[in-house]
file input-v3.pdb (PDB, C-alpha atoms)
ATOM      1  CA  MET A  22      11.348  -0.711 -25.242
ATOM      2  CA  TYR A  23       8.122  -2.375 -24.165
ATOM      3  CA  GLU A  24       9.941  -5.578 -23.279
ATOM      4  CA  TYR A  25      12.451  -3.766 -21.081
ATOM      5  CA  LEU A  26       9.947  -1.475 -19.377
ATOM      6  CA  VAL A  27       6.953  -3.800 -18.964
ATOM      7  CA  ASP A  28       7.606  -7.448 -19.761
ATOM      8  CA  ASN A  29      10.543  -7.769 -17.363
ATOM      9  CA  ALA A  30       8.394  -6.693 -14.392
ATOM     10  CA  ALA A  31       8.770  -8.995 -11.394
ATOM     11  CA  ASN A  32       5.173  -8.570 -10.187
ATOM     12  CA  ASP A  33       1.972  -6.628 -10.848
ATOM     13  CA  GLU A  34       3.199  -3.572  -8.926
ATOM     14  CA  HIS A  35       6.308  -3.383 -11.088
ATOM     15  CA  GLU A  36       4.229  -4.018 -14.202
ATOM     16  CA  LEU A  37       2.164  -0.925 -13.422
ATOM     17  CA  VAL A  38       5.359   1.105 -13.041
ATOM     18  CA  GLY A  39       6.538  -0.362 -16.353
ATOM     19  CA  LEU A  40       3.284   0.539 -18.100
ATOM     20  CA  VAL A  41       3.506   4.138 -16.874
ATOM     21  CA  ALA A  42       7.187   4.273 -17.858
ATOM     22  CA  TYR A  43       6.273   2.999 -21.327
ATOM     23  CA  ALA A  44       3.607   5.682 -21.637
ATOM     24  CA  LEU A  45       6.220   8.296 -20.687
ATOM     25  CA  TYR A  46       8.561   6.864 -23.338
ATOM     26  CA  LYS A  47       5.814   7.000 -25.985
ATOM     27  CA  ARG A  48       4.969  10.582 -25.016
ATOM     28  CA  SER A  49       8.616  11.557 -25.345
ATOM     29  CA  LYS A  50       8.865   9.814 -28.714
ATOM     30  CA  ARG A  51       5.722  11.546 -29.972
ATOM     31  CA  GLN A  52       7.102  14.925 -28.871
ATOM     32  CA  TRP A  53      10.386  14.153 -30.635
ATOM     33  CA  VAL A  54       8.564  13.231 -33.873
ATOM     34  CA  GLU A  55       6.476  16.417 -33.684
ATOM     35  CA  ALA A  56       9.584  18.556 -33.091
ATOM     36  CA  HIS A  57      11.298  16.794 -35.998
ATOM     37  CA  ARG A  58       8.344  17.571 -38.281
ATOM     38  CA  VAL A  59       8.373  21.236 -37.253
ATOM     39  CA  ASN A  60      12.142  21.657 -37.538
ATOM     40  CA  LYS A  61      12.798  19.614 -40.694
ATOM     41  CA  LYS A  62       9.374  19.908 -42.352
ATOM     42  CA  ARG A  63       9.160  16.127 -42.825
ATOM     43  CA  ASN A  64       8.599  12.908 -40.942
ATOM     44  CA  PRO A  65      11.703  11.245 -39.512
ATOM     45  CA  SER A  66      13.252   8.508 -41.604
ATOM     46  CA  ASP A  67      13.614   4.936 -40.357
ATOM     47  CA  ASP A  68      17.310   5.589 -39.700
ATOM     48  CA  GLU A  69      16.479   8.681 -37.639
ATOM     49  CA  LEU A  70      13.897   6.710 -35.656
ATOM     50  CA  ASP A  71      16.496   3.981 -35.033
ATOM     51  CA  GLN A  72      18.940   6.648 -33.806
ATOM     52  CA  TYR A  73      16.264   8.009 -31.476
ATOM     53  CA  ILE A  74      15.604   4.532 -30.076
ATOM     54  CA  ASP A  75      19.346   3.915 -29.633
ATOM     55  CA  TYR A  76      19.498   7.175 -27.662
ATOM     56  CA  TRP A  77      17.509   5.439 -24.884
ATOM     57  CA  THR A  78      20.256   3.759 -22.897
ATOM     58  CA  GLN A  79      19.615   1.428 -19.962
ATOM     59  CA  ASP A  80      20.285   4.322 -17.582
ATOM     60  CA  ARG A  81      17.725   6.521 -19.322
ATOM     61  CA  LEU A  82      15.175   3.713 -19.263
ATOM     62  CA  ARG A  83      15.808   3.186 -15.529
ATOM     63  CA  GLY A  84      15.268   6.932 -15.150
ATOM     64  CA  LEU A  85      11.894   6.553 -16.886
ATOM     65  CA  ARG A  86      10.958   3.762 -14.461
ATOM     66  CA  ASP A  87      11.995   5.970 -11.530
ATOM     67  CA  GLU A  88       9.937   8.840 -12.928
ATOM     68  CA  ALA A  89       6.954   6.504 -13.342
ATOM     69  CA  ALA A  90       7.322   5.226  -9.764
ATOM     70  CA  SER A  91       7.454   8.808  -8.490
ATOM     71  CA  ALA A  92       4.362   9.742 -10.512
ATOM     72  CA  LEU A  93       2.447   6.768  -9.105
ATOM     73  CA  ALA A  94       3.560   7.591  -5.555
ATOM     74  CA  ALA A  95       2.462  11.208  -6.011
ATOM     75  CA  PHE A  96      -0.892  10.007  -7.342
ATOM     76  CA  GLY A  97      -1.291   7.697  -4.344
ATOM     77  CA  ASP A  98      -0.498  10.555  -1.965
ATOM     78  CA  TYR A  99      -3.057  12.736  -3.769
ATOM     79  CA  VAL A 100      -5.779  10.078  -3.496
ATOM     80  CA  ILE A 101      -5.066   9.465   0.188
ATOM     81  CA  ALA A 102      -5.067  13.200   0.942
ATOM     82  CA  ALA A 103      -8.353  13.631  -0.907
ATOM     83  CA  GLU A 104      -9.966  10.718   0.934
ATOM     84  CA  ARG A 105      -8.454  11.410   4.365
ATOM     85  CA  PRO A 106     -11.571  13.168   5.746
ATOM     86  CA  ASN A 107     -13.767  10.215   4.708
ATOM     87  CA  ILE A 108     -11.291   7.688   6.098
ATOM     88  CA  MET A 109     -11.093   9.524   9.427
ATOM     89  CA  ARG A 110     -14.865   9.934   9.663
ATOM     90  CA  GLU A 111     -15.409   6.211   9.019
ATOM     91  CA  ALA A 112     -12.674   5.223  11.466
ATOM     92  CA  ILE A 113     -14.057   7.357  14.290
ATOM     93  CA  ALA A 114     -17.795   6.832  13.733
ATOM     94  CA  GLY A 115     -19.235   4.745  16.539
ATOM     95  CA  THR A 116     -15.856   3.695  17.878
ATOM     96  CA  PHE A 117     -16.392   4.814  21.493
ATOM     97  CA  TRP A 118     -19.559   2.835  22.271
ATOM     98  CA  ARG A 119     -18.295  -0.170  20.337
ATOM     99  CA  SER A 120     -15.132  -0.122  22.468
ATOM    100  CA  VAL A 121     -17.084   0.275  25.710
ATOM    101  CA  SER A 122     -19.404  -2.628  24.898
ATOM    102  CA  SER A 123     -16.528  -4.935  23.929
ATOM    103  CA  SER A 124     -14.656  -3.994  27.128
ATOM    104  CA  ILE A 125     -17.713  -4.773  29.262
ATOM    105  CA  MET A 126     -18.153  -8.092  27.475
ATOM    106  CA  ALA A 127     -14.481  -9.002  28.009
ATOM    107  CA  ALA A 128     -14.710  -8.145  31.727
ATOM    108  CA  PHE A 129     -17.870 -10.255  32.050
ATOM    109  CA  ILE A 130     -16.242 -13.264  30.361
ATOM    110  CA  TYR A 131     -13.132 -12.901  32.539
ATOM    111  CA  THR A 132     -15.293 -12.785  35.681
ATOM    112  CA  LEU A 133     -17.139 -15.930  34.593
ATOM    113  CA  LEU A 134     -13.802 -17.624  33.965
ATOM    114  CA  LEU A 135     -12.542 -16.714  37.457
ATOM    115  CA  ILE A 136     -15.757 -17.958  39.042
ATOM    116  CA  GLY A 137     -15.424 -21.210  37.091
ATOM    117  CA  VAL A 138     -11.819 -21.671  38.285
ATOM    118  CA  ALA A 139     -12.878 -20.966  41.894
ATOM    119  CA  LEU A 140     -15.713 -23.508  41.643
ATOM    120  CA  VAL A 141     -13.415 -26.181  40.195
ATOM    121  CA  LEU A 142     -10.837 -25.587  42.931
ATOM    122  CA  SER A 143     -13.551 -25.666  45.609
ATOM    123  CA  TYR A 144     -14.911 -28.920  44.195
ATOM    124  CA  ALA A 145     -11.366 -30.321  44.313
ATOM    125  CA  GLY A 146     -11.244 -29.498  48.028
ATOM    126  CA  ILE A 147      -9.024 -26.425  47.835
ATOM    127  CA  ASP A 148     -10.158 -23.615  50.145
ATOM    128  CA  LEU A 149      -9.180 -20.390  48.297
ATOM    129  CA  ILE A 150     -10.607 -18.089  50.998
ATOM    130  CA  GLY A 151      -8.622 -19.906  53.665
ATOM    131  CA  ILE A 152      -5.455 -19.614  51.577
ATOM    132  CA  PHE A 153      -5.951 -15.851  51.102
ATOM    133  CA  THR A 154      -6.777 -15.392  54.813
ATOM    134  CA  ARG A 155      -3.604 -17.155  55.924
ATOM    135  CA  ALA A 156      -1.504 -15.277  53.366
ATOM    136  CA  SER A 157      -2.749 -11.864  54.449
ATOM    137  CA  GLY A 158      -2.649 -12.340  58.179
TER     138      GLY A 158
END

call {"tool": "encode", "arguments": {"input": "input-v3.pdb", "output": "structure tokens"}}
result
Amino acid sequence: MYEYLVDNAANDEHELVGLVAYALYKRSKRQWVEAHRVNKKRNPSDDELDQYIDYWTQDRLRGLRDEAASALAAFGDYVIAAERPNIMREAIAGTFWRSVSSSIMAAFIYTLLLIGVALVLSYAGIDLIGIFTRASG
């Protein structure tokens, strides 16, 4: 079971799903052994354990992996919901003034760039003011 659920994982994310699926399998097996002890007043024999293992078809094992993936997704949703207020507070804190200062800095750099272009064109003998005057009038 371990090989199918965990060792065949394509990457770490799938390995985590496989580990959770294997834990679900072991929990189910433990519950089956306990029910067997209660119902038959003895531990299951090796043949009975083999029958139990054979009961886990590929479809059932895929179902365990799906259940594990759903459990991990639900846990992720729970963690995000629990941390959402902190995430929002950290995202919003100081954002306005940081944005204003970066906008002012960008406008200043753009203005310097335009002045530099105008100076280079003027040095090259191109009269920008004359061009704009002729174009507008």

call {"tool": "closest_residue", "arguments": {"input": "input-v3.pdb", "among": "A:His35, A:Lys50, A:His57, A:Arg110", "to": "Trp77 of chain A", "atoms": "all atoms listed in the file"}}
result
A:Lys50

call {"tool": "atom_distance", "arguments": {"input": "input-v3.pdb", "atom1": "atom CA of Val138 of chain A", "atom2": "atom CA of Ser122 of chain A"}}
result
24.5 Å

call {"tool": "residues_near_point", "arguments": {"input": "input-v3.pdb", "point": "(3.6, 5.8, -9.5)", "cutoff": "12 Å", "atoms": "only C-alpha atoms", "output": "MDAnalysis selection string"}}
result
chainID A and resid 34:42 45 85:100

call {"tool": "axis_aligned_box", "arguments": {"input": "input-v3.pdb", "around": "segment 84-89 of chain A", "padding_each_side": "8 Å", "output": "AutoDock Vina command-line options"}}
result
--center_x 11.1 --center_y 6.3 --center_z -14.2 --size_x 24.3 --size_y 21.1 --size_z 21.4

call {"tool": "atom_distance", "arguments": {"input": "input-v3.pdb", "atom1": "atom CA of Arg81 of chain A", "atom2": "atom CA of Lys47 of chain A"}}
result
13.7 Å

call {"tool": "atom_distance", "arguments": {"input": "input-v3.pdb", "atom1": "atom CA of Phe153 of chain A", "atom2": "atom CA of Ile125 of chain A"}}
result
27.2 Å

call {"tool": "closest_residue", "arguments": {"input": "input-v3.pdb", "among": "A:Val54, A:Arg48, A:Glu111, A:Thr154", "to": "Ser66 of chain A", "atoms": "all atoms listed in the file"}}
result
A:Val54

call {"tool": "residues_around", "arguments": {"input": "input-v3.pdb", "residues": "Tyr73 of chain A", "least_positions_apart": "2", "cutoff": "12 Å", "atoms": "only C-alpha atoms", "output": "PyMOL selection string"}}
result
chain A and resi 22+46-47+49-54+57+65-71+75-78
